[in-house]
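Pasting protein_25.txt here (compact mmCIF, C-alpha atoms):
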```txt
# COMPACT_ATOMS: atom_id res chain seq x y z
CA MET A 522 0.00 0.00 0.00
CA GLU A 523 2.84 2.43 0.89
CA ILE A 524 4.68 1.71 -2.37
CA ALA A 525 1.49 2.15 -4.39
CA ALA A 526 0.81 5.55 -2.78
CA PHE A 527 4.29 6.83 -3.63
CA ARG A 528 4.05 5.36 -7.13
CA HIS A 529 0.85 7.34 -7.78
CA TRP A 530 2.52 10.52 -6.50
CA LEU A 531 5.57 9.91 -8.71
CA THR A 532 3.37 9.29 -11.74
CA ASP A 533 1.56 12.56 -11.05
CA LEU A 534 4.91 14.37 -10.82
CA VAL A 535 6.25 12.96 -14.07
CA SER A 536 3.01 13.80 -15.89
CA ARG A 537 4.01 17.45 -15.43
CA VAL A 538 7.39 17.21 -17.19
CA ARG A 539 8.31 16.93 -20.85
CA PRO A 540 9.22 13.26 -21.41
CA GLU A 541 12.02 14.02 -23.87
CA GLY A 542 13.77 16.75 -21.90
CA GLY A 543 15.32 17.56 -18.56
CA TRP A 544 16.52 15.06 -16.00
CA TYR A 545 13.64 12.75 -16.79
CA GLY A 546 14.82 12.53 -20.40
CA VAL A 547 18.36 11.69 -19.25
CA PHE A 548 17.32 8.80 -17.03
CA ALA A 549 14.60 7.53 -19.37
CA ALA A 550 17.15 7.30 -22.19
CA ARG A 551 19.76 5.56 -20.02
CA ASP A 552 17.63 2.84 -18.42
CA PRO A 553 13.99 2.81 -19.52
CA GLU A 554 13.40 -0.62 -17.97
CA GLY A 555 14.82 0.47 -14.62
CA LEU A 556 12.73 3.63 -14.59
CA ARG A 557 9.65 1.64 -15.53
CA ALA A 558 10.33 -0.71 -12.61
CA CYS A 559 10.36 2.31 -10.28
CA PHE A 560 7.01 3.52 -11.63
CA ASP A 561 5.63 -0.01 -11.25
CA GLY A 562 6.72 -0.04 -7.60
CA ALA A 563 9.28 -2.83 -8.00
CA GLU A 564 12.18 -0.47 -7.17
CA ILE A 565 12.71 2.87 -5.39
CA LEU A 566 14.47 5.83 -7.01
CA PRO A 567 17.17 7.69 -5.06
CA TRP A 568 15.60 10.83 -3.60
CA ASP A 569 18.04 13.17 -5.37
CA ILE A 570 16.65 11.93 -8.69
CA VAL A 571 13.14 12.63 -7.44
CA GLU A 572 14.35 16.16 -6.55
CA SER A 573 15.62 16.56 -10.11
CA PHE A 574 12.21 15.51 -11.46
CA LEU A 575 10.64 18.11 -9.16
CA GLN A 576 12.90 20.71 -10.73
CA ASP A 577 11.87 19.56 -14.21
CA ALA A 578 8.26 20.17 -13.20
CA GLY A 579 8.97 23.59 -11.69
CA GLU A 580 8.09 22.36 -8.18
CA THR A 581 10.12 23.68 -5.25
CA THR A 582 11.63 21.04 -2.96
CA GLY A 583 10.22 22.88 0.07
CA GLY A 584 6.68 23.17 -1.27
CA PRO A 585 3.64 21.18 -0.10
CA PHE A 586 3.65 18.85 -3.11
CA ALA A 587 7.29 17.89 -2.51
CA ALA A 588 6.72 17.55 1.25
CA ARG A 589 3.91 15.09 0.65
CA GLY A 590 6.13 13.16 -1.76
CA ARG A 591 8.90 13.04 0.85
CA ARG A 592 6.54 11.46 3.39
CA LEU A 593 5.24 8.93 0.87
CA TYR A 594 8.79 8.19 -0.24
CA ALA A 595 9.92 7.39 3.32
CA SER A 596 7.01 5.00 3.82
CA ALA A 597 7.53 3.33 0.44
CA ALA A 598 11.28 2.94 0.96
CA GLY A 599 10.67 1.32 4.35
CA ALA A 600 8.19 -1.15 2.89
CA HIS A 601 10.55 -1.93 -0.01
CA ASP A 602 13.58 -2.44 2.24
CA ARG A 603 11.73 -4.89 4.48
CA ARG A 604 11.40 -7.31 1.60
CA PRO A 605 13.67 -10.40 1.65
CA GLY A 606 17.24 -9.42 0.70
CA GLY A 607 16.53 -5.72 1.16
CA ALA A 608 19.28 -5.08 3.70
CA GLU A 609 21.91 -6.78 1.56
CA ALA A 610 20.92 -4.74 -1.49
CA LEU A 611 21.08 -1.51 0.51
CA ALA A 612 24.53 -2.35 1.87
CA GLU A 613 25.85 -3.12 -1.60
CA ARG A 614 24.54 0.13 -3.01
CA ARG A 615 25.91 2.11 -0.08
CA ASP A 616 29.37 0.67 -0.74
CA LEU A 617 29.15 1.73 -4.38
CA MET A 618 28.16 5.26 -3.46
CA GLU A 619 30.84 5.49 -0.76
CA ARG A 620 33.50 4.66 -3.35
CA GLU A 621 32.07 7.30 -5.65
CA ARG A 622 32.12 9.85 -2.82
CA ARG A 623 35.76 9.11 -2.00
CA TYR A 624 36.74 9.36 -5.65
CA ALA A 625 34.99 12.73 -5.93
CA GLU A 626 36.85 14.01 -2.87
CA SER A 627 40.18 13.01 -4.40
CA ARG A 628 39.27 14.55 -7.74
CA THR A 629 38.16 17.79 -6.06
CA ARG A 630 41.54 18.16 -4.34
CA ASP A 631 43.39 17.49 -7.61
CA LEU A 632 41.37 20.00 -9.61
CA GLY A 633 41.66 22.60 -6.86
CA GLU A 634 45.47 22.32 -6.87
CA ARG A 635 45.59 22.61 -10.66
CA LEU A 636 43.29 25.63 -10.57
CA ARG A 637 45.48 27.42 -8.04
CA ALA A 638 48.62 26.67 -10.05
CA THR A 639 47.50 27.62 -13.58
CA PRO A 640 48.25 31.15 -14.88
CA ASP A 641 46.09 30.63 -18.00
CA PRO A 642 42.61 32.27 -17.68
CA GLY A 643 41.10 29.90 -20.25
CA GLU A 644 42.43 26.83 -18.48
CA ALA A 645 41.27 28.27 -15.16
CA ALA A 646 37.73 28.69 -16.51
CA ARG A 647 37.70 25.10 -17.76
CA LEU A 648 38.98 23.79 -14.44
CA GLU A 649 36.34 25.78 -12.56
CA ARG A 650 33.61 24.18 -14.67
CA ASP A 651 35.07 20.71 -14.15
CA LEU A 652 35.33 21.40 -10.43
CA ALA A 653 31.66 22.36 -10.33
CA TRP A 654 30.79 19.05 -12.01
CA ILE A 655 32.79 16.95 -9.59
CA ARG A 656 31.41 18.84 -6.58
CA ASP A 657 27.94 17.94 -7.75
CA ASP A 658 29.04 14.30 -8.11
CA HIS A 659 30.29 14.46 -4.52
CA ALA A 660 27.08 16.07 -3.25
CA ARG A 661 24.91 13.43 -4.92
CA ALA A 662 27.06 10.53 -3.72
CA THR A 663 27.16 11.96 -0.17
CA ALA A 664 23.38 12.36 -0.15
CA ARG A 665 22.90 8.78 -1.32
CA VAL A 666 25.31 7.37 1.26
CA ARG A 667 23.41 9.29 3.95
CA GLU A 668 20.04 8.11 2.64
CA LEU A 669 21.10 4.47 2.33
CA THR A 670 22.74 4.52 5.77
CA GLY A 671 19.52 5.85 7.28
CA ARG A 672 17.47 3.19 5.57
CA LEU A 673 19.82 0.49 6.85
CA ALA A 674 19.60 1.92 10.37
CA ARG A 675 15.82 1.81 10.26
CA LEU A 676 16.07 -1.88 9.40
CA GLY A 677 18.40 -2.43 12.34
CA ALA A 678 21.01 -3.63 9.87
CA ASP A 679 24.74 -2.98 9.78
CA ALA A 680 26.97 -2.81 6.75
CA PRO A 681 30.66 -2.17 6.07
CA GLY A 682 31.49 1.53 6.11
CA GLY A 683 33.96 1.54 3.24
CA PRO A 684 35.23 -0.35 0.20
CA ALA A 685 37.70 -3.17 0.29
CA PRO A 686 41.30 -2.32 -0.75
CA GLY A 687 41.71 -2.23 -4.51
CA ALA A 688 37.97 -2.30 -5.12
CA VAL A 689 36.49 -0.65 -8.19
CA ALA A 690 33.73 1.92 -7.84
CA VAL A 691 30.98 2.58 -10.33
CA ALA A 692 30.27 6.24 -11.04
CA ALA A 693 26.96 7.92 -10.44
CA VAL A 694 25.44 9.95 -13.27
CA PRO A 695 27.15 13.38 -13.06
CA ALA A 696 25.36 16.69 -12.86
CA ASN A 697 25.14 17.21 -16.60
CA GLY A 698 24.29 13.67 -17.64
CA PRO A 699 26.28 10.51 -18.33
CA SER A 700 30.05 10.63 -18.83
CA LYS A 701 32.86 8.30 -19.84
CA GLY A 702 35.17 6.48 -17.46
CA ALA A 703 32.54 5.00 -15.20
CA GLU A 704 34.66 2.37 -13.53
CA ARG A 705 37.19 3.86 -11.14
CA ALA A 706 39.97 2.41 -9.01
CA GLY A 707 39.82 2.84 -5.23
CA GLU A 708 42.14 5.35 -3.57
CA GLY A 709 45.74 4.22 -3.51
CA ALA A 710 45.05 1.20 -5.71
CA GLY A 711 46.98 0.32 -8.82
CA PRO A 712 45.54 -1.63 -11.78
CA ALA A 713 42.66 -3.62 -10.36
CA LYS A 714 40.21 -6.22 -11.47
CA VAL A 715 37.17 -4.75 -13.11
CA ARG A 716 33.88 -5.94 -11.72
CA ARG A 717 30.86 -6.45 -13.90
CA ARG A 718 28.51 -3.51 -13.48
CA PRO A 719 25.49 -4.29 -11.27
CA ARG A 720 22.40 -4.76 -13.41
CA GLY A 721 18.75 -4.06 -12.76
CA ALA A 722 16.50 -1.17 -11.95
CA ARG A 723 17.96 -0.48 -8.51
CA TYR A 724 21.17 0.60 -10.31
CA ALA A 725 19.39 2.69 -12.94
CA TRP A 726 21.24 5.82 -11.88
CA LEU A 727 24.72 4.33 -12.36
CA ASP A 728 26.84 4.80 -15.48
CA GLU A 729 26.57 2.13 -18.18
CA GLU A 730 30.30 1.93 -18.89
CA GLY A 731 32.00 -1.34 -18.07
CA ALA A 732 28.92 -3.54 -18.37
CA GLU A 733 30.92 -6.08 -20.34
CA ALA A 734 34.23 -5.50 -18.55
CA VAL A 735 36.97 -8.11 -18.90
CA GLU A 736 38.65 -9.61 -15.83
CA GLU A 737 42.13 -8.26 -15.03
CA ALA A 738 41.75 -5.27 -17.37
CA PRO A 739 43.56 -2.18 -15.97
CA VAL A 740 41.26 0.63 -14.95
CA PRO A 741 42.06 3.91 -16.78
CA PRO A 742 41.69 7.26 -15.03
CA PRO A 743 38.25 8.79 -15.63
CA ALA A 744 37.79 11.64 -18.09
CA LEU A 745 35.29 14.44 -17.78
CA PRO A 746 33.40 15.43 -20.93
CA ALA A 747 35.50 17.65 -23.17
CA GLY A 748 34.96 21.34 -22.75
CA GLY A 749 33.06 21.15 -19.48
CA ALA A 750 29.64 22.63 -18.90
CA ALA A 751 27.67 24.69 -16.46
CA PRO A 752 26.51 22.65 -13.46
CA ARG A 753 22.84 21.77 -13.39
CA GLY A 754 20.52 20.00 -11.03
CA ALA A 755 18.80 20.18 -7.67
CA ARG A 756 22.12 20.50 -5.83
CA PHE A 757 23.07 23.70 -7.66
CA GLY A 758 19.78 25.56 -7.35
CA GLY A 759 20.15 27.00 -10.85
CA ALA A 760 23.67 28.34 -10.44
CA ALA A 761 25.67 29.04 -13.57
CA PRO A 762 28.85 30.92 -14.42
CA ALA A 763 28.56 34.42 -15.77
CA ALA A 764 28.11 34.71 -19.50
CA PRO A 765 30.94 36.10 -21.60
CA ALA A 766 30.59 39.44 -23.31
CA GLU A 767 28.45 39.23 -26.41
CA SER A 768 29.20 40.67 -29.81
CA PRO A 769 26.90 43.52 -30.87
CA ALA A 770 25.48 41.66 -33.85
CA GLU A 771 25.40 38.17 -35.28
CA ASP A 772 25.81 37.29 -38.94
CA PRO A 773 22.85 35.02 -39.93
CA ALA A 774 25.06 33.03 -42.31
CA GLU A 775 27.59 32.45 -39.54
CA ALA A 776 24.80 31.31 -37.21
CA VAL A 777 23.67 28.73 -39.78
CA ARG A 778 27.24 27.49 -40.28
CA ALA A 779 27.80 27.21 -36.54
CA ALA A 780 24.53 25.30 -36.14
CA ALA A 781 25.45 22.86 -38.91
CA ASN A 782 28.88 22.25 -37.37
CA ALA A 783 27.40 21.73 -33.92
CA VAL A 784 24.82 19.23 -35.16
CA TYR A 785 27.46 17.34 -37.14
CA ALA A 786 29.63 17.04 -34.02
CA LEU A 787 26.64 16.12 -31.87
CA ARG A 788 25.58 13.28 -34.18
CA ARG A 789 29.09 11.85 -34.18
CA LEU A 790 29.27 11.96 -30.39
CA ARG A 791 25.87 10.29 -30.09
CA ALA A 792 26.87 7.58 -32.58
CA GLN A 793 30.00 6.86 -30.52
CA GLY A 794 28.04 6.65 -27.28
CA ARG A 795 29.82 9.73 -25.85
CA SER A 796 26.69 11.10 -24.20
CA GLY A 797 28.48 13.22 -21.62
CA GLU A 798 30.48 15.07 -24.27
CA ALA A 799 27.33 15.53 -26.36
CA HIS A 800 25.64 17.09 -23.35
CA ALA A 801 28.65 19.36 -22.78
CA LEU A 802 28.49 20.50 -26.40
CA LEU A 803 24.87 21.58 -25.92
CA CYS A 804 25.85 23.51 -22.79
CA GLU A 805 28.68 25.22 -24.65
CA ALA A 806 26.19 26.43 -27.26
CA LEU A 807 24.51 28.39 -24.46
CA ALA A 808 27.80 30.16 -23.74
CA GLY A 809 27.90 31.56 -27.28
CA PRO A 810 25.85 34.38 -28.80
CA PRO A 811 22.13 33.87 -28.02
CA ALA A 812 21.31 35.02 -31.56
CA ARG A 813 22.68 31.70 -32.86
CA LEU A 814 20.19 29.59 -30.93
CA PRO A 815 17.18 29.80 -33.29
CA ALA A 816 19.37 28.50 -36.15
CA LEU A 817 20.60 25.70 -33.89
CA ALA A 818 17.01 24.83 -32.98
CA ALA A 819 16.03 24.59 -36.63
CA GLU A 820 19.06 22.44 -37.48
CA LEU A 821 18.50 20.08 -34.54
CA HIS A 822 14.87 19.51 -35.48
CA ARG A 823 15.85 19.02 -39.13
CA ALA A 824 18.32 16.33 -38.04
CA GLY A 825 15.74 14.54 -35.89
CA LEU A 826 17.42 15.70 -32.65
CA GLY A 827 14.47 17.54 -31.15
CA ALA A 828 15.15 15.89 -27.77
CA ASP A 829 18.54 17.58 -27.69
CA TRP A 830 16.89 20.95 -28.24
CA SER A 831 14.60 20.24 -25.28
CA THR A 832 17.66 19.40 -23.20
CA LEU A 833 19.31 22.68 -24.25
CA LEU A 834 16.21 24.63 -23.17
CA TRP A 835 16.27 22.80 -19.85
CA GLU A 836 19.90 23.82 -19.34
CA ALA A 837 19.12 27.41 -20.37
CA ALA A 838 16.63 27.63 -17.49
CA SER A 839 19.61 27.72 -15.08
CA LEU A 840 21.39 30.63 -16.78
CA PRO A 841 21.96 33.89 -14.87
CA PRO A 842 18.90 36.19 -14.97
CA GLY A 843 20.18 38.54 -17.67
CA ARG A 844 21.32 35.68 -19.87
CA LEU A 845 18.04 33.81 -19.37
CA ALA A 846 16.13 36.91 -20.45
CA ALA A 847 18.40 37.35 -23.48
CA VAL A 848 17.79 33.77 -24.64
CA ALA A 849 14.03 34.09 -24.08
CA GLY A 850 13.96 37.35 -26.00
CA VAL A 851 15.91 35.92 -28.94
CA LEU A 852 13.56 32.94 -29.17
CA ALA A 853 10.50 35.22 -29.04
CA ASP A 854 11.90 37.54 -31.70
CA ALA A 855 12.63 34.54 -33.94
CA GLY A 856 9.01 33.38 -33.75
CA ARG A 857 9.75 30.45 -31.43
CA ALA A 858 7.08 31.43 -28.89
CA ALA A 859 6.50 27.85 -27.68
CA ASP A 860 10.20 27.39 -26.98
CA CYS A 861 10.32 30.72 -25.17
CA GLU A 862 7.37 29.80 -22.96
CA GLN A 863 8.85 26.37 -22.22
CA LEU A 864 12.12 27.99 -21.16
CA LEU A 865 10.35 30.43 -18.88
CA ARG A 866 8.17 27.69 -17.32
CA GLN A 867 11.27 25.68 -16.51
CA GLY A 868 12.98 28.69 -14.96
CA VAL A 869 10.39 29.41 -12.28
CA ALA A 870 11.92 27.04 -9.71
CA ARG A 871 14.79 29.50 -9.24
CA PRO A 872 15.18 31.83 -6.23
CA VAL A 873 12.77 34.75 -6.35
CA GLU A 874 15.63 37.27 -6.37
CA GLU A 875 16.91 35.81 -9.66
CA LEU A 876 13.43 35.78 -11.17
CA ALA A 877 12.99 39.45 -10.28
CA GLY A 878 16.18 40.16 -12.20
CA ALA A 879 14.96 38.14 -15.19
CA CYS A 880 11.66 40.05 -15.24
CA ALA A 881 13.47 43.37 -15.09
CA ALA A 882 15.77 42.34 -17.94
CA LEU A 883 12.83 41.23 -20.10
CA ARG A 884 10.96 44.48 -19.52
CA ALA A 885 14.09 46.51 -20.25
CA GLU A 886 14.21 44.86 -23.69
CA ASP A 887 10.48 45.48 -24.28
CA HIS A 888 9.68 41.78 -23.97
CA HIS A 889 6.61 42.46 -21.85
CA ARG A 890 4.71 39.45 -23.17
CA GLU A 891 7.56 37.16 -22.13
CA ALA A 892 7.76 38.79 -18.69
CA HIS A 893 4.03 38.14 -18.28
CA ALA A 894 4.52 34.50 -19.34
CA LEU A 895 7.28 34.09 -16.75
CA LEU A 896 5.14 35.55 -13.97
CA THR A 897 2.10 33.48 -15.01
CA ALA A 898 4.16 30.29 -14.84
CA PHE A 899 5.51 31.44 -11.49
CA VAL A 900 2.15 32.04 -9.81
CA ARG A 901 0.83 28.78 -11.28
CA VAL A 902 3.42 26.57 -9.56
CA ARG A 903 4.87 28.59 -6.67
CA ALA A 904 3.24 29.36 -3.32
CA PRO A 905 1.51 32.74 -2.88
CA GLU A 906 4.06 33.58 -0.18
CA ASP A 907 6.82 33.16 -2.79
CA ALA A 908 4.95 35.52 -5.10
CA ALA A 909 4.74 38.08 -2.31
CA ARG A 910 8.50 37.79 -1.76
CA LEU A 911 9.03 38.31 -5.48
CA ALA A 912 6.79 41.37 -5.41
CA GLY A 913 8.91 42.79 -2.61
CA ALA A 914 11.87 43.11 -5.01
CA ASP A 915 9.96 45.83 -6.95
CA PRO A 916 6.53 46.45 -5.41
CA HIS A 917 5.52 49.25 -7.78
CA GLY A 918 6.31 47.24 -10.90
CA LEU A 919 5.70 43.63 -9.86
CA VAL A 920 2.56 43.77 -7.68
CA PRO A 921 0.18 44.70 -10.55
CA GLN A 922 1.94 42.31 -12.92
CA LEU A 923 1.75 39.40 -10.48
CA LEU A 924 -1.93 40.10 -9.81
CA ALA A 925 -2.63 40.14 -13.55
CA ALA A 926 -0.75 36.86 -13.93
CA ALA A 927 -2.66 35.28 -11.02
CA ARG A 928 -5.95 36.50 -12.50
CA ALA A 929 -5.04 34.75 -15.76
CA VAL A 930 -4.58 31.49 -13.84
CA SER A 931 -7.74 31.50 -11.73
CA ALA A 932 -9.86 33.65 -9.43
CA SER A 933 -8.84 31.57 -6.42
CA ARG A 934 -5.14 32.04 -7.22
CA GLU A 935 -5.70 35.80 -7.38
CA ARG A 936 -7.44 35.74 -3.97
CA ASP A 937 -4.60 33.72 -2.44
CA LEU A 938 -2.03 36.14 -3.83
CA LEU A 939 -3.96 39.17 -2.56
CA HIS A 940 -4.00 37.65 0.93
CA ALA A 941 -0.23 36.97 0.80
CA LEU A 942 0.40 40.54 -0.38
CA ARG A 943 -1.69 41.96 2.50
CA VAL A 944 0.24 39.85 5.02
CA ALA A 945 3.50 41.17 3.51
CA GLY A 946 2.21 44.75 3.61
CA LEU A 947 2.25 45.08 -0.18
CA ALA A 948 -1.46 45.07 -1.03
CA GLY A 949 -1.51 48.83 -1.64
CA ALA A 950 1.68 48.96 -3.70
```
Output the file's structure in the form of structure tokens.
Amino acid sequence: MEIAAFRHWLTDLVSRVRPEGGWYGVFAARDPEGLRACFDGAEILPWDIVESFLQDAGETTGGPFAARGRRLYASAAGAHDRRPGGAEALAERRDLMERERRYAESRTRDLGERLRATPDPGEAARLERDLAWIRDDHARATARVRELTGRLARLGADAPGGPAPGAVAVAAVPANGPSKGAERAGEGAGPAKVRRRPRGARYAWLDEEGAEAVEEAPVPPPALPAGGAAPRGARFGGAAPAAPAESPAEDPAEAVRAAANAVYALRRLRAQGRSGEAHALLCEALAGPPARLPALAAELHRAGLGADWSTLLWEAASLPPGRLAAVAGVLADAGRAADCEQLLRQGVARPVEELAGACAALRAEDHHREAHALLTAFVRVRAPEDAARLAGADPHGLVPQLLAAARAVSASRERDLLHALRVAGLAGA
């Protein structure tokens, strides 16, 4: 009964996200059978993946919907773990995540030393991006170790706290999607035996590399996707590095050429199974001139890579406020209104201070329709108290706009917002 209740909640959550984009698209592409088993109630997803699905849907992790899911999740996990063999499976998974956590710690120290030592600004920027990736790996692995340890404790079970010497760890999916080099040697170990990757839905979030590993094969050092990418996911809360200075104008012919080159490279990476590098390439497109994005969208759809365009929009939702507004404005000006609205809907899970900046940037560029779309999406999925906090950033400008957006959603939403504004002392702004 507990598992069924959580399964219904999870199904409701996923019905709110685009199936081909975001974190859901990443995990659905990597292990559709494993994900299906989780929706059927045969397995339980790690909670950090559930958090990522909440972000896809524009739901805040502290909101009432997420809180209810957290309660249902705890009950479902307890019922699942009490099944025969549950404690052993939890202990095995905790060992895998502990190895991943220790690897990430070692990698963080190495990248930090290289960053402090390099005099090259370009190399420093790349190292900073890679460091953000590996910190997210560490945060996810740490969260999973903590979660699995708690579940074991509730069973009254005990499990080894660390990996055996020379053991090989299997990498968790990094912040920006799958990467190469999934099988990693333990700290201080030389060439080690490679274990066959655990199979089945309970390991759906682990990297696929090494599934057919050969005994006694030396384990190479892992490689991050070429070029790096802005971190993304529930752990980062929408953080992204500042955008570089943009050129005053973009040559349309150059935009088409750049789009064709990007799609050519993307198809080759996909054909070679280099999904992490393909994801990084999409992120790098966001660091270039926003005016090139409509041409890239057209080329991706022409090549049958519409899912990659959805992923790019999902990544764009975590850009800094000014950059987010610039991308939304470019898409609107190019006639891609649906893409613009999708981007803005996905961006509403961000902190209200950032959203206030995005609204101001959109209005400054005369993109009032897009600012209204952003605020409408915001009041649709965020609590009225959040809307009141947003209004506090610019009461004179945002109070009437938020009320108009709430009115467009429903009369009850407008009433709830009015009450929250009165409590915040902003009703007369």
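Distances from A:Arg637, A:Glu891, A:Pro905, A:Ala846 to Ala859 of chain A were compared using all atoms listed in the file, and the smallest one belongs to A:Glu891.
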| said: Could you check which residues have any atom within 9 Å of (8.1, 33.3, -16.0), counting only C-alpha atoms with coordinates taken straight from the file, and then list them as a list in words? | reply: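 Every residue inside that radius is included here: Glu862, Leu864, Leu865, Arg866, Gln867, Gly868, Val869, Leu876, Ala879, Cys880, Glu891, Ala892, His893, Ala894, Leu895, Leu896, Thr897, Ala898, Phe899 and Val900 of chain A.
Atom pair atom CA of Leu911 of chain A / atom CA of Asp533 of chain A: separated by 27.4 Å.
Separating atom CA of Ala927 of chain A from atom CA of Arg890 of chain A is a distance of 14.8 Å.
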| said: Please list as an MDAnalysis selection string every residue within 12 Å of Leu826 of chain A, counting only C-alpha atoms and excluding residues in the same chain fewer than 6 positions away. | reply: chainID A and resid 541:542 783:785 787:788 791 799 803 817:820 832:833
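If you look at atom CA of Leu676 of chain A and atom CA of Gly607 of chain A, they are 9.1 Å away from each other.
For the point (9.5, 6.9, 5.5) in file coordinates, the residues within 12 Å, using all atoms listed in the file, are Glu523, Ile524, Phe527, Trp568, Ala588, Arg589, Gly590, Arg591, Arg592, Leu593, Tyr594, Ala595, Ser596, Ala597, Ala598, Gly599, Ala600, His601, Asp602, Glu668, Gly671, Arg672, Arg675 and Leu676 of chain A.
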| query | Of the candidates A:Ala904, A:Ala828, A:Leu947, A:Leu924, which one gets nearest to Thr582 of chain A if we count all atoms listed in the file? | reply |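 Answer, going by the shortest atom-to-atom distance: A:Ala904.
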| Residues at most 9 Å from segment 632-636 of chain A, counting all atoms listed in the file, excluding those fewer than 2 positions away in the same chain, as a ChimeraX atom specification? | /A:627-630,638-640,644-646,648-649,651-652
| field | Using only C-alpha atoms: which of A:Gly562, A:Gly809, A:Gln922, A:Thr581 has the shortest distance to Met522 of chain A | value | A:Gly562
Have segment 602-615 of chain A completed to N, CA and C atoms, please, and pass it along as a CSV table (one decimal), in the coordinates of the input.
```csv
chain,number,residue,atom,x,y,z
A,602,ASP,N,12.4,-1.9,1.6
A,602,ASP,CA,13.6,-2.4,2.2
A,602,ASP,C,13.3,-3.6,3.1
A,603,ARG,N,12.1,-3.8,3.6
A,603,ARG,CA,11.7,-4.9,4.5
A,603,ARG,C,11.5,-6.2,3.7
A,604,ARG,N,11.5,-6.1,2.4
A,604,ARG,CA,11.4,-7.3,1.6
A,604,ARG,C,12.6,-8.2,1.8
A,605,PRO,N,12.5,-9.5,1.5
A,605,PRO,CA,13.7,-10.4,1.6
A,605,PRO,C,14.9,-9.9,0.8
A,606,GLY,N,16.0,-9.9,1.4
A,606,GLY,CA,17.2,-9.4,0.7
A,606,GLY,C,17.4,-7.9,0.6
A,607,GLY,N,16.5,-7.2,1.3
A,607,GLY,CA,16.5,-5.7,1.2
A,607,GLY,C,17.8,-5.1,1.8
A,608,ALA,N,18.1,-5.6,3.0
A,608,ALA,CA,19.3,-5.1,3.7
A,608,ALA,C,20.6,-5.3,2.9
A,609,GLU,N,20.7,-6.5,2.3
A,609,GLU,CA,21.9,-6.8,1.6
A,609,GLU,C,22.0,-5.9,0.3
A,610,ALA,N,20.9,-5.6,-0.3
A,610,ALA,CA,20.9,-4.7,-1.5
A,610,ALA,C,21.3,-3.3,-1.1
A,611,LEU,N,20.8,-2.9,0.0
A,611,LEU,CA,21.1,-1.5,0.5
A,611,LEU,C,22.6,-1.4,0.8
A,612,ALA,N,23.1,-2.4,1.5
A,612,ALA,CA,24.5,-2.4,1.9
A,612,ALA,C,25.4,-2.3,0.6
A,613,GLU,N,25.1,-3.1,-0.4
A,613,GLU,CA,25.8,-3.1,-1.6
A,613,GLU,C,25.8,-1.8,-2.3
A,614,ARG,N,24.6,-1.2,-2.3
A,614,ARG,CA,24.5,0.1,-3.0
A,614,ARG,C,25.3,1.2,-2.2
A,615,ARG,N,25.2,1.1,-0.9
A,615,ARG,CA,25.9,2.1,-0.1
A,615,ARG,C,27.4,2.0,-0.3
```
